>>> print(open('run07.pdb').read())   # PDB, C-alpha atoms
ATOM      1  CA  MET A   1       5.201   6.108  17.412  1.00  0.00           C
ATOM      2  CA  THR A   2       8.077   6.292  14.961  1.00  0.00           C
ATOM      3  CA  VAL A   3       7.823   6.210  11.201  1.00  0.00           C
ATOM      4  CA  MET A   4       8.891   2.809  10.008  1.00  0.00           C
ATOM      5  CA  GLU A   5      10.816   2.355   6.816  1.00  0.00           C
ATOM      6  CA  THR A   6       8.419   1.475   4.015  1.00  0.00           C
ATOM      7  CA  THR A   7      10.562  -0.728   1.874  1.00  0.00           C
ATOM      8  CA  PRO A   8      10.271  -4.282   0.702  1.00  0.00           C
ATOM      9  CA  ALA A   9      13.971  -4.862   1.344  1.00  0.00           C
ATOM     10  CA  PRO A  10      15.184  -4.993   4.951  1.00  0.00           C
ATOM     11  CA  THR A  11      18.662  -3.876   3.851  1.00  0.00           C
ATOM     12  CA  GLN A  12      17.431  -0.393   2.878  1.00  0.00           C
ATOM     13  CA  THR A  13      18.905   2.210   5.233  1.00  0.00           C
ATOM     14  CA  GLY A  14      16.914   5.364   4.448  1.00  0.00           C
ATOM     15  CA  VAL A  15      13.519   6.131   5.883  1.00  0.00           C
ATOM     16  CA  ASP A  16      10.748   6.633   3.373  1.00  0.00           C
ATOM     17  CA  ALA A  17       8.502   9.160   5.095  1.00  0.00           C
ATOM     18  CA  CYS A  18       5.912   9.385   2.331  1.00  0.00           C
ATOM     19  CA  ARG A  19       3.204   7.997   4.565  1.00  0.00           C
ATOM     20  CA  ALA A  20       1.877   8.271   8.072  1.00  0.00           C
ATOM     21  CA  ALA A  21       3.320   6.309  10.948  1.00  0.00           C
ATOM     22  CA  PRO A  22       2.155   2.706  10.994  1.00  0.00           C
ATOM     23  CA  GLU A  23      -0.508   1.483  13.336  1.00  0.00           C
ATOM     24  CA  ALA A  24       0.568  -0.538  16.363  1.00  0.00           C
ATOM     25  CA  HIS A  25       1.425  -4.121  15.551  1.00  0.00           C
ATOM     26  CA  PRO A  26      -0.084  -7.133  17.266  1.00  0.00           C
ATOM     27  CA  ARG A  27       3.390  -8.253  18.325  1.00  0.00           C
ATOM     28  CA  PRO A  28       6.296  -6.060  19.416  1.00  0.00           C
ATOM     29  CA  ASN A  29       9.480  -5.901  17.355  1.00  0.00           C
ATOM     30  CA  GLY A  30      11.613  -8.974  17.829  1.00  0.00           C
ATOM     31  CA  GLN A  31       8.529 -11.148  18.305  1.00  0.00           C
ATOM     32  CA  ASP A  32       7.037 -10.354  14.941  1.00  0.00           C
ATOM     33  CA  ARG A  33       6.716 -13.506  12.882  1.00  0.00           C
ATOM     34  CA  TYR A  34       3.363 -14.093  11.238  1.00  0.00           C
ATOM     35  CA  THR A  35       2.116 -16.930   9.062  1.00  0.00           C
ATOM     36  CA  ILE A  36       0.473 -16.214   5.749  1.00  0.00           C
ATOM     37  CA  SER A  37      -2.929 -17.006   7.280  1.00  0.00           C
ATOM     38  CA  GLU A  38      -2.322 -14.515  10.125  1.00  0.00           C
ATOM     39  CA  VAL A  39      -1.294 -11.831   7.618  1.00  0.00           C
ATOM     40  CA  SER A  40      -4.300 -12.638   5.476  1.00  0.00           C
ATOM     41  CA  ALA A  41      -6.603 -12.275   8.481  1.00  0.00           C
ATOM     42  CA  SER A  42      -5.022  -8.999   9.593  1.00  0.00           C
ATOM     43  CA  THR A  43      -4.804  -7.338   6.153  1.00  0.00           C
ATOM     44  CA  GLY A  44      -7.853  -8.736   4.405  1.00  0.00           C
ATOM     45  CA  LEU A  45      -5.636  -9.893   1.542  1.00  0.00           C
ATOM     46  CA  THR A  46      -5.977 -13.494   0.471  1.00  0.00           C
ATOM     47  CA  ALA A  47      -3.078 -15.904   0.734  1.00  0.00           C
ATOM     48  CA  HIS A  48      -3.222 -16.125  -3.061  1.00  0.00           C
ATOM     49  CA  THR A  49      -2.774 -12.340  -3.345  1.00  0.00           C
ATOM     50  CA  LEU A  50       0.130 -12.369  -0.881  1.00  0.00           C
ATOM     51  CA  ARG A  51       1.886 -15.106  -2.867  1.00  0.00           C
ATOM     52  CA  TRP A  52       1.181 -13.199  -6.097  1.00  0.00           C
ATOM     53  CA  TYR A  53       2.679 -10.006  -4.608  1.00  0.00           C
ATOM     54  CA  GLU A  54       5.793 -12.020  -3.841  1.00  0.00           C
ATOM     55  CA  ARG A  55       5.929 -13.528  -7.342  1.00  0.00           C
ATOM     56  CA  ILE A  56       5.687 -10.151  -9.123  1.00  0.00           C
ATOM     57  CA  GLY A  57       8.284  -8.473  -6.910  1.00  0.00           C
ATOM     58  CA  LEU A  58       5.943  -6.339  -4.852  1.00  0.00           C
ATOM     59  CA  MET A  59       6.705  -8.329  -1.663  1.00  0.00           C
ATOM     60  CA  PRO A  60      10.180  -9.769  -2.156  1.00  0.00           C
ATOM     61  CA  ASP A  61      12.449 -11.392   0.408  1.00  0.00           C
ATOM     62  CA  ILE A  62       9.821 -12.848   2.712  1.00  0.00           C
ATOM     63  CA  ASP A  63      11.569 -14.805   5.428  1.00  0.00           C
ATOM     64  CA  ARG A  64      10.976 -18.559   5.503  1.00  0.00           C
ATOM     65  CA  SER A  65      11.024 -21.032   8.361  1.00  0.00           C
ATOM     66  CA  HIS A  66      13.222 -24.114   8.196  1.00  0.00           C
ATOM     67  CA  THR A  67      10.216 -25.928   6.688  1.00  0.00           C
ATOM     68  CA  GLY A  68       9.743 -23.269   3.997  1.00  0.00           C
ATOM     69  CA  GLN A  69       6.702 -21.599   5.575  1.00  0.00           C
ATOM     70  CA  ARG A  70       6.506 -17.855   4.950  1.00  0.00           C
ATOM     71  CA  ARG A  71       7.171 -15.765   8.051  1.00  0.00           C
ATOM     72  CA  TYR A  72       6.106 -12.144   7.728  1.00  0.00           C
ATOM     73  CA  SER A  73       7.500  -9.418   9.980  1.00  0.00           C
ATOM     74  CA  ASN A  74       6.057  -6.160  11.301  1.00  0.00           C
ATOM     75  CA  HIS A  75       8.165  -4.485   8.627  1.00  0.00           C
ATOM     76  CA  ASP A  76       6.353  -6.583   6.000  1.00  0.00           C
ATOM     77  CA  LEU A  77       2.999  -5.546   7.490  1.00  0.00           C
ATOM     78  CA  ASP A  78       4.061  -1.889   7.206  1.00  0.00           C
ATOM     79  CA  TRP A  79       4.941  -2.410   3.553  1.00  0.00           C
ATOM     80  CA  LEU A  80       1.612  -4.165   2.885  1.00  0.00           C
ATOM     81  CA  ALA A  81      -0.248  -1.260   4.523  1.00  0.00           C
ATOM     82  CA  PHE A  82       1.562   1.145   2.200  1.00  0.00           C
ATOM     83  CA  VAL A  83       0.864  -1.036  -0.847  1.00  0.00           C
ATOM     84  CA  ASN A  84      -2.795  -1.060   0.131  1.00  0.00           C
ATOM     85  CA  LYS A  85      -2.798   2.748   0.176  1.00  0.00           C
ATOM     86  CA  LEU A  86      -1.224   2.750  -3.292  1.00  0.00           C
ATOM     87  CA  ARG A  87      -3.924   0.336  -4.464  1.00  0.00           C
ATOM     88  CA  LEU A  88      -6.598   2.681  -3.119  1.00  0.00           C
ATOM     89  CA  THR A  89      -5.131   5.502  -5.203  1.00  0.00           C
ATOM     90  CA  GLY A  90      -5.726   3.456  -8.327  1.00  0.00           C
ATOM     91  CA  MET A  91      -2.004   3.188  -9.030  1.00  0.00           C
ATOM     92  CA  PRO A  92      -1.418   0.449 -11.610  1.00  0.00           C
ATOM     93  CA  VAL A  93       0.268  -2.685 -10.287  1.00  0.00           C
ATOM     94  CA  ALA A  94       3.149  -2.164 -12.715  1.00  0.00           C
ATOM     95  CA  ASP A  95       3.813   1.248 -11.127  1.00  0.00           C
ATOM     96  CA  MET A  96       3.660  -0.259  -7.640  1.00  0.00           C
ATOM     97  CA  VAL A  97       6.192  -2.901  -8.676  1.00  0.00           C
ATOM     98  CA  ARG A  98       8.385  -0.184 -10.205  1.00  0.00           C
ATOM     99  CA  TYR A  99       8.184   1.800  -6.952  1.00  0.00           C
ATOM    100  CA  ALA A 100       9.220  -1.310  -4.996  1.00  0.00           C
ATOM    101  CA  GLU A 101      12.146  -1.835  -7.376  1.00  0.00           C
ATOM    102  CA  LEU A 102      13.237   1.774  -6.913  1.00  0.00           C
ATOM    103  CA  VAL A 103      13.120   1.404  -3.141  1.00  0.00           C
ATOM    104  CA  ARG A 104      15.314  -1.699  -3.336  1.00  0.00           C
ATOM    105  CA  LEU A 105      17.800   0.176  -5.528  1.00  0.00           C
ATOM    106  CA  GLY A 106      18.443   2.671  -2.737  1.00  0.00           C
ATOM    107  CA  ASP A 107      18.328   6.301  -1.747  1.00  0.00           C
ATOM    108  CA  HIS A 108      19.636   7.569  -5.082  1.00  0.00           C
ATOM    109  CA  THR A 109      16.158   6.807  -6.524  1.00  0.00           C
ATOM    110  CA  PHE A 110      14.353   9.319  -4.289  1.00  0.00           C
ATOM    111  CA  ASP A 111      13.677  11.691  -7.211  1.00  0.00           C
ATOM    112  CA  GLU A 112      12.139   8.999  -9.390  1.00  0.00           C
ATOM    113  CA  ARG A 113      10.058   7.685  -6.482  1.00  0.00           C
ATOM    114  CA  ARG A 114       8.835  11.195  -5.709  1.00  0.00           C
ATOM    115  CA  GLU A 115       7.903  11.734  -9.374  1.00  0.00           C
ATOM    116  CA  LEU A 116       5.944   8.475  -9.418  1.00  0.00           C
ATOM    117  CA  LEU A 117       4.086   9.440  -6.239  1.00  0.00           C
ATOM    118  CA  GLU A 118       3.460  12.997  -7.480  1.00  0.00           C
ATOM    119  CA  SER A 119       1.944  11.618 -10.693  1.00  0.00           C
ATOM    120  CA  THR A 120      -0.300   9.329  -8.656  1.00  0.00           C
ATOM    121  CA  ARG A 121      -1.247  12.246  -6.419  1.00  0.00           C
ATOM    122  CA  ARG A 122      -2.290  14.299  -9.458  1.00  0.00           C
ATOM    123  CA  ASP A 123      -4.455  11.388 -10.633  1.00  0.00           C
ATOM    124  CA  VAL A 124      -6.075  11.117  -7.183  1.00  0.00           C
ATOM    125  CA  LEU A 125      -6.800  14.859  -7.085  1.00  0.00           C
ATOM    126  CA  HIS A 126      -8.380  14.668 -10.535  1.00  0.00           C
ATOM    127  CA  ARG A 127     -10.563  11.728  -9.482  1.00  0.00           C
ATOM    128  CA  MET A 128     -11.517  13.557  -6.274  1.00  0.00           C
ATOM    129  CA  ALA A 129     -12.644  16.567  -8.323  1.00  0.00           C
ATOM    130  CA  GLU A 130     -14.723  14.285 -10.542  1.00  0.00           C
ATOM    131  CA  LEU A 131     -16.281  12.707  -7.456  1.00  0.00           C
ATOM    132  CA  GLN A 132     -17.037  16.151  -5.966  1.00  0.00           C
ATOM    133  CA  ASP A 133     -18.860  17.074  -9.188  1.00  0.00           C
ATOM    134  CA  THR A 134     -20.765  13.794  -9.059  1.00  0.00           C
ATOM    135  CA  LEU A 135     -21.647  14.391  -5.412  1.00  0.00           C
ATOM    136  CA  ALA A 136     -22.984  17.846  -6.261  1.00  0.00           C
ATOM    137  CA  VAL A 137     -25.264  16.320  -8.922  1.00  0.00           C
ATOM    138  CA  LEU A 138     -26.504  13.716  -6.436  1.00  0.00           C
ATOM    139  CA  ASP A 139     -27.124  16.381  -3.778  1.00  0.00           C
ATOM    140  CA  HIS A 140     -29.083  18.439  -6.297  1.00  0.00           C
ATOM    141  CA  LYS A 141     -31.267  15.457  -7.248  1.00  0.00           C
ATOM    142  CA  ILE A 142     -31.818  14.495  -3.595  1.00  0.00           C
ATOM    143  CA  THR A 143     -32.889  18.064  -2.798  1.00  0.00           C
ATOM    144  CA  PHE A 144     -35.143  18.125  -5.866  1.00  0.00           C
ATOM    145  CA  TYR A 145     -36.898  14.887  -4.922  1.00  0.00           C
ATOM    146  CA  GLY A 146     -37.159  15.958  -1.286  1.00  0.00           C
ATOM    147  CA  SER A 147     -38.838  19.241  -2.191  1.00  0.00           C
ATOM    148  CA  ALA A 148     -41.059  17.555  -4.811  1.00  0.00           C
ATOM    149  CA  GLN A 149     -42.561  15.310  -2.134  1.00  0.00           C
ATOM    150  CA  GLN A 150     -43.337  18.305   0.110  1.00  0.00           C
ATOM    151  CA  GLY A 151     -45.129  20.253  -2.615  1.00  0.00           C
TER     152      GLY A 151
END
>>> encode(input="run07.pdb", output="structure tokens")
Amino acid sequence: MTVMETTPAPTQTGVDACRAAPEAHPRPNGQDRYTISEVSASTGLTAHTLRWYERIGLMPDIDRSHTGQRRYSNHDLDWLAFVNKLRLTGMPVADMVRYAELVRLGDHTFDERRELLESTRRDVLHRMAELQDTLAVLDHKITFYGSAQQG
């Protein structure tokens, strides 16, 4: 499976390889038009959230049918998967929007994008360390209560 470009703008030419290859899509390329309800069902995001992402610039340039209905592509699903990963990191929405803007501006923003992702990575590592400490406390208490019942 190839690494798909993770940009909100289909005109971007560079490949952003800052994530793993996307999962297989329900429809092959060229047959990849999804309604907002299909995208909502496949991503777990509400239609309201998808429209909000579009309004704030996180999901720009969604194709529309002749009747104005949103038509998402496999490329859009890839971008949403990446945005979901950013959400899981705890990255603020403003930073996600900034990242999307940088991607749309082109390859000359690679350094700034990398810096934004590196900062987020540092935050994730810090939170992971805090969670490891918390897990150690829980394990200690579980062991304590387990041995207290035996004695």
>>> closest_residue(input="run07.pdb", among="A:Leu138, A:Val97, A:Ile36, A:Met59", to="A:Leu80", atoms="only C-alpha atoms")
A:Met59
>>> atom_distance(input="run07.pdb", atom1="atom CA of A:Val124", atom2="atom CA of A:Met91")
9.1 Å
>>> axis_aligned_box(input="run07.pdb", around="stretch 111-125 of chain A", padding_each_side="5 Å", output="JSON")
{"center_x": 3.4, "center_y": 11.3, "center_z": -8.2, "size_x": 30.5, "size_y": 17.2, "size_z": 15.0}
>>> resolve_selection(input="run07.pdb", expression="the PyMOL selection byres ((chain A and resi 32) around 10)", output="list of chain:residue names")
A:His25, A:Pro26, A:Arg27, A:Pro28, A:Asn29, A:Gly30, A:Gln31, A:Arg33, A:Tyr34, A:Arg71, A:Tyr72, A:Ser73, A:Asn74, A:His75, A:Asp76, A:Leu77
>>> residues_around(input="run07.pdb", residues="A:Glu101", least_positions_apart="3", cutoff="10 Å", atoms="only C-alpha atoms", output="list in words")
Thr7, Pro8, Ala9, Gly57, Leu58, Pro60, Asp95, Met96, Val97, Arg98, Arg104, Leu105, Gly106, Thr109 and Arg113 of chain A
>>> closest_residue(input="run07.pdb", among="A:Val103, A:Met128, A:Leu88, A:Val137", to="A:Leu116", atoms="all atoms listed in the file")
A:Val103
>>> closest_residue(input="run07.pdb", among="A:Ser119, A:Ser42, A:Lys141, A:Ala100", to="A:Asp61", atoms="only C-alpha atoms")
A:Ala100
>>> residues_near_point(input="run07.pdb", point="(-1.5, -15.1, -1.5)", cutoff="12 Å", atoms="all atoms listed in the file", output="list in words")
Thr35, Ile36, Ser37, Glu38, Val39, Ser40, Ala41, Thr43, Gly44, Leu45, Thr46, Ala47, His48, Thr49, Leu50, Arg51, Trp52, Tyr53, Glu54, Arg55, Ile56, Leu58, Met59 and Arg70 of chain A
>>> atom_distance(input="run07.pdb", atom1="atom CA of A:Phe144", atom2="atom CA of A:Ala129")
22.7 Å
>>> closest_residue(input="run07.pdb", among="A:Asn84, A:Thr89, A:Ala24, A:Arg64", to="A:Asp123", atoms="all atoms listed in the file")
A:Thr89
>>> atom_distance(input="run07.pdb", atom1="atom CA of A:Arg121", atom2="atom CA of A:Ala94")
16.3 Å
>>> closest_residue(input="run07.pdb", among="A:Ser65, A:Asp107, A:Asp78, A:Lys85", to="A:Thr120", atoms="only C-alpha atoms")
A:Lys85
>>> closest_residue(input="run07.pdb", among="A:Ile62, A:Ala148, A:Leu102, A:Ile142", to="A:Leu117", atoms="all atoms listed in the file")
A:Leu102
